[in-house]
Structures are given as structure tokens and as C-alpha cells.
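J.: File final-v5.cif follows (mmCIF, C-alpha atoms):
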data_structure
#
loop_
_atom_site.group_PDB
_atom_site.id
_atom_site.type_symbol
_atom_site.label_atom_id
_atom_site.label_comp_id
_atom_site.auth_asym_id
_atom_site.auth_seq_id
_atom_site.Cartn_x
_atom_site.Cartn_y
_atom_site.Cartn_z
ATOM 1 C CA MET M 4 -50.205 2.471 83.095
ATOM 2 C CA SER M 5 -48.952 0.653 79.961
ATOM 3 C CA GLN M 6 -49.217 3.342 77.295
ATOM 4 C CA LYS M 7 -47.126 4.820 74.511
ATOM 5 C CA ILE M 8 -44.789 7.747 75.210
ATOM 6 C CA ARG M 9 -43.460 9.869 72.310
ATOM 7 C CA ILE M 10 -40.372 11.992 72.907
ATOM 8 C CA LYS M 11 -39.365 14.665 70.395
ATOM 9 C CA LEU M 12 -35.885 16.230 70.661
ATOM 10 C CA LYS M 13 -34.923 19.446 68.879
ATOM 11 C CA SER M 14 -31.666 21.424 68.799
ATOM 12 C CA CYS M 15 -29.439 23.558 66.574
ATOM 13 C CA ASP M 16 -26.480 21.230 67.228
ATOM 14 C CA TYR M 17 -26.788 17.694 65.848
ATOM 15 C CA SER M 18 -24.248 16.201 68.282
ATOM 16 C CA LEU M 19 -26.298 17.368 71.307
ATOM 17 C CA VAL M 20 -29.442 15.793 69.853
ATOM 18 C CA ASP M 21 -27.675 12.484 69.174
ATOM 19 C CA LYS M 22 -26.103 12.320 72.646
ATOM 20 C CA SER M 23 -29.423 13.143 74.332
ATOM 21 C CA ALA M 24 -31.259 10.511 72.297
ATOM 22 C CA GLU M 25 -28.613 7.940 73.190
ATOM 23 C CA LYS M 26 -28.953 8.775 76.921
ATOM 24 C CA ILE M 27 -32.737 8.412 76.786
ATOM 25 C CA VAL M 28 -32.598 5.071 74.943
ATOM 26 C CA LYS M 29 -30.010 3.658 77.393
ATOM 27 C CA ALA M 30 -31.995 4.782 80.451
ATOM 28 C CA VAL M 31 -35.257 3.326 79.156
ATOM 29 C CA LYS M 32 -33.722 0.019 78.007
ATOM 30 C CA THR M 33 -32.333 -0.608 81.512
ATOM 31 C CA VAL M 34 -35.940 -0.654 82.751
ATOM 32 C CA GLY M 35 -36.772 -3.267 80.112
ATOM 33 C CA VAL M 36 -39.198 -1.483 77.796
ATOM 34 C CA VAL M 37 -39.537 -1.692 74.002
ATOM 35 C CA VAL M 38 -38.023 1.408 72.354
ATOM 36 C CA SER M 39 -38.375 2.532 68.738
ATOM 37 C CA GLY M 40 -35.861 5.108 67.616
ATOM 38 C CA PRO M 41 -34.174 7.521 67.577
ATOM 39 C CA ILE M 42 -35.736 8.335 64.212
ATOM 40 C CA PRO M 43 -34.170 11.358 62.466
ATOM 41 C CA LEU M 44 -36.783 13.837 61.241
ATOM 42 C CA PRO M 45 -36.112 16.274 58.368
ATOM 43 C CA THR M 46 -33.710 19.121 59.092
ATOM 44 C CA HIS M 47 -35.318 22.554 58.999
ATOM 45 C CA LYS M 48 -33.032 25.201 57.491
ATOM 46 C CA ARG M 49 -33.756 28.905 57.871
ATOM 47 C CA ILE M 50 -31.752 31.156 55.547
ATOM 48 C CA PHE M 51 -31.384 34.879 56.230
ATOM 49 C CA THR M 52 -30.176 37.292 53.539
ATOM 50 C CA VAL M 53 -28.671 40.594 54.715
ATOM 51 C CA ASN M 54 -27.211 43.554 52.821
ATOM 52 C CA ARG M 55 -23.459 43.848 53.374
ATOM 53 C CA SER M 56 -23.531 47.607 53.121
ATOM 54 C CA THR M 57 -26.163 49.994 54.403
ATOM 55 C CA PHE M 58 -26.313 52.477 51.531
ATOM 56 C CA VAL M 59 -24.039 51.664 48.585
ATOM 57 C CA ASN M 60 -23.655 48.287 46.781
ATOM 58 C CA LYS M 61 -27.243 47.073 46.976
ATOM 59 C CA LYS M 62 -26.377 43.881 45.065
ATOM 60 C CA SER M 63 -23.744 42.790 47.575
ATOM 61 C CA ARG M 64 -25.469 40.509 50.095
ATOM 62 C CA GLU M 65 -24.556 37.944 52.708
ATOM 63 C CA GLN M 66 -26.478 34.793 53.657
ATOM 64 C CA PHE M 67 -26.679 33.077 57.048
ATOM 65 C CA GLU M 68 -28.177 29.659 57.733
ATOM 66 C CA LEU M 69 -29.722 28.322 60.943
ATOM 67 C CA SER M 70 -30.444 24.577 60.963
ATOM 68 C CA SER M 71 -32.595 22.749 63.513
ATOM 69 C CA TYR M 72 -32.185 18.989 63.936
ATOM 70 C CA LYS M 73 -34.944 16.736 65.290
ATOM 71 C CA ARG M 74 -35.155 13.160 66.589
ATOM 72 C CA LEU M 75 -38.196 11.074 67.515
ATOM 73 C CA ILE M 76 -38.257 8.279 70.134
ATOM 74 C CA ASP M 77 -41.286 6.055 70.815
ATOM 75 C CA ILE M 78 -41.553 4.053 74.039
ATOM 76 C CA TYR M 79 -44.127 1.250 74.109
ATOM 77 C CA SER M 80 -45.726 -0.413 77.175
ATOM 78 C CA SER M 81 -44.293 2.094 79.630
ATOM 79 C CA THR M 82 -44.510 1.676 83.409
ATOM 80 C CA ALA M 83 -43.963 3.896 86.431
ATOM 81 C CA LYS M 84 -40.279 2.878 86.466
ATOM 82 C CA THR M 85 -39.928 4.184 82.910
ATOM 83 C CA VAL M 86 -41.288 7.587 83.867
ATOM 84 C CA ASP M 87 -38.979 7.709 86.908
ATOM 85 C CA ALA M 88 -35.962 6.866 84.714
ATOM 86 C CA LEU M 89 -36.905 9.673 82.307
ATOM 87 C CA MET M 90 -37.357 12.200 85.119
ATOM 88 C CA LYS M 91 -33.894 11.460 86.583
ATOM 89 C CA LEU M 92 -32.068 12.153 83.296
ATOM 90 C CA GLU M 93 -29.948 15.277 82.952
ATOM 91 C CA LEU M 94 -29.908 16.519 79.360
ATOM 92 C CA PRO M 95 -27.784 19.350 77.903
ATOM 93 C CA SER M 96 -29.219 22.866 78.003
ATOM 94 C CA GLY M 97 -29.319 23.312 74.208
ATOM 95 C CA VAL M 98 -31.880 20.525 73.670
ATOM 96 C CA GLU M 99 -35.630 21.128 73.596
ATOM 97 C CA VAL M 100 -37.612 18.098 74.789
ATOM 98 C CA GLU M 101 -41.316 17.533 74.079
ATOM 99 C CA ILE M 102 -43.038 14.529 75.689
ATOM 100 C CA LYS M 103 -46.482 13.258 74.692
ATOM 101 C CA VAL M 104 -48.267 10.447 76.514
#
Mind turning the file's structure into C-alpha cells?
T.:
Amino acid sequence: MSQKIRIKLKSCDYSLVDKSAEKIVKAVKTVGVVVSGPIPLPTHKRIFTVNRSTFVNKKSREQFELSSYKRLIDIYSSTAKTVDALMKLELPSGVEVEIKV
């Protein structure tokens, strides 16, 4: 098999992303494969501006921010054992995982 696997983690909570990345790196290193990462990618911030009042006070507004944190992990020279170790992992529900082979 011996190919590169790229794992991209994304979440709104940075602690969940860091814990998930740490779990993946530990599981893959026990198999004995070269791992690069976790590499932090830029944080994407979405800012929403909303009027505080519906009719009066048009200038009074409130802002909300939603940040999404991302990490990148590269696994080189992967084997069947590596894929099995990745499949057995249980990650938190708030983390979005994207795997490219």
C-alpha cells in the first residue's frame, strides 16, 4: 500500500481539535509510521452583526463571532495496520474529519 494519507480536522472548539489530533498521532506512532503534524491551519472567523432593537435605535448593534479551528496531519508510508488503527479510533462528536489518500 505504502502511500501518503492526509487527515484534516475541523471544529469550533480548539481543545477538541487538539485532543483529537493527539489521539491520531499516538495511534499511528504505535504502528511505527512517520507522522508530520499536527500543523495548525489559519483560524476562520465569521462575524455576524445584528440589530439590538427591531424598530427604534438603528445604530445600536451587536456582533457575534464563530471561529473554526483546523489541524493538518500527514502520514507517510502507511500500511494496512495504519488504516486499521485509524478506523478503531473514537473521536469526539464536535470534530469534522476529512481523510485523503
J.: Can you tell me, as a ChimeraX atom specification, what residues are no more than 10 Å from Ile102 of chain M when counting only C-alpha atoms, ignoring any on the same chain fewer than 2 positions away?
T.: /M:8-12,76-77,100,104
J.: Please write as a list in words the full residue list that the PyMOL selection byres ((chain M and resi 29) around 12) yields on this file.
T.: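 Taken over the shown coordinates, the PyMOL selection byres ((chain M and resi 29) around 12) returns Lys22, Ser23, Ala24, Glu25, Lys26, Ile27, Val28, Ala30, Val31, Lys32, Thr33, Val34, Gly35, Val36, Val37, Val38, Gly40, Pro41, Ile76, Thr85, Ala88, Leu89 and Leu92 of chain M.
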J.: Using Å and a single decimal, report how far atom CA of Ser81 of chain M sits from atom CA of Val20 of chain M.
T.: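 Separation between atom CA of Val20 of chain M and atom CA of Ser81 of chain M: 22.4 Å.
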J.: Rounded to one decimal, what separation in Å do you get between atom CA of Asn60 of chain M and atom CA of Lys48 of chain M?
T.: 27.1 Å
J.: Could you work out an axis-aligned bounding box for all listed atoms of segment 45-64 of chain M, with 4 Å added on each of the six sides, and give its centre and edge lengths in Å to one decimal, as AutoDock Vina command-line options?
T.:
--center_x -29.8 --center_y 34.4 --center_z 52.1 --size_x 20.7 --size_y 44.2 --size_z 22.0
J.: Evaluate the PyMOL selection byres ((chain M and resi 17) around 12) here and jot the selected residues down as a list in words.
T.: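 For this structure, the PyMOL selection byres ((chain M and resi 17) around 12) resolves to Leu12, Lys13, Ser14, Cys15, Asp16, Ser18, Leu19, Val20, Asp21, Lys22, Ser23, Ala24, Pro43, Leu44, Thr46, His47, Ser70, Ser71, Tyr72, Lys73, Arg74, Gly97 and Val98 of chain M.
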J.: Between atom CA of Ile50 of chain M and atom CA of Lys62 of chain M, what is the distance, to one decimal in Å?
T.: 17.3 Å
J.: Please write as a PDB file with C-alpha atoms, in the coordinates of the input the list of polymer residues whose atoms come within 7 Å of (-49.7, 4.6, 74.7), counting all atoms listed in the file and keeping to the coordinates of the file.
T.:
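And here is the file that came out, out.pdb:
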ATOM      1  CA  SER M   5     -48.952   0.653  79.961  1.00  0.00           C
ATOM      2  CA  GLN M   6     -49.217   3.342  77.295  1.00  0.00           C
ATOM      3  CA  LYS M   7     -47.126   4.820  74.511  1.00  0.00           C
ATOM      4  CA  ILE M   8     -44.789   7.747  75.210  1.00  0.00           C
ATOM      5  CA  TYR M  79     -44.127   1.250  74.109  1.00  0.00           C
ATOM      6  CA  SER M  80     -45.726  -0.413  77.175  1.00  0.00           C
ATOM      7  CA  VAL M 104     -48.267  10.447  76.514  1.00  0.00           C
TER       8      VAL M 104
END
J.: For each of M:Thr52, M:Glu99, M:Lys91, M:Ile42, take the minimum atom-to-atom distance to Leu69 of chain M, counting only C-alpha atoms, then give the residue where this is smallest.
T.: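 Ranking M:Thr52, M:Glu99, M:Lys91, M:Ile42 by distance to Leu69 of chain M, first place goes to M:Thr52.
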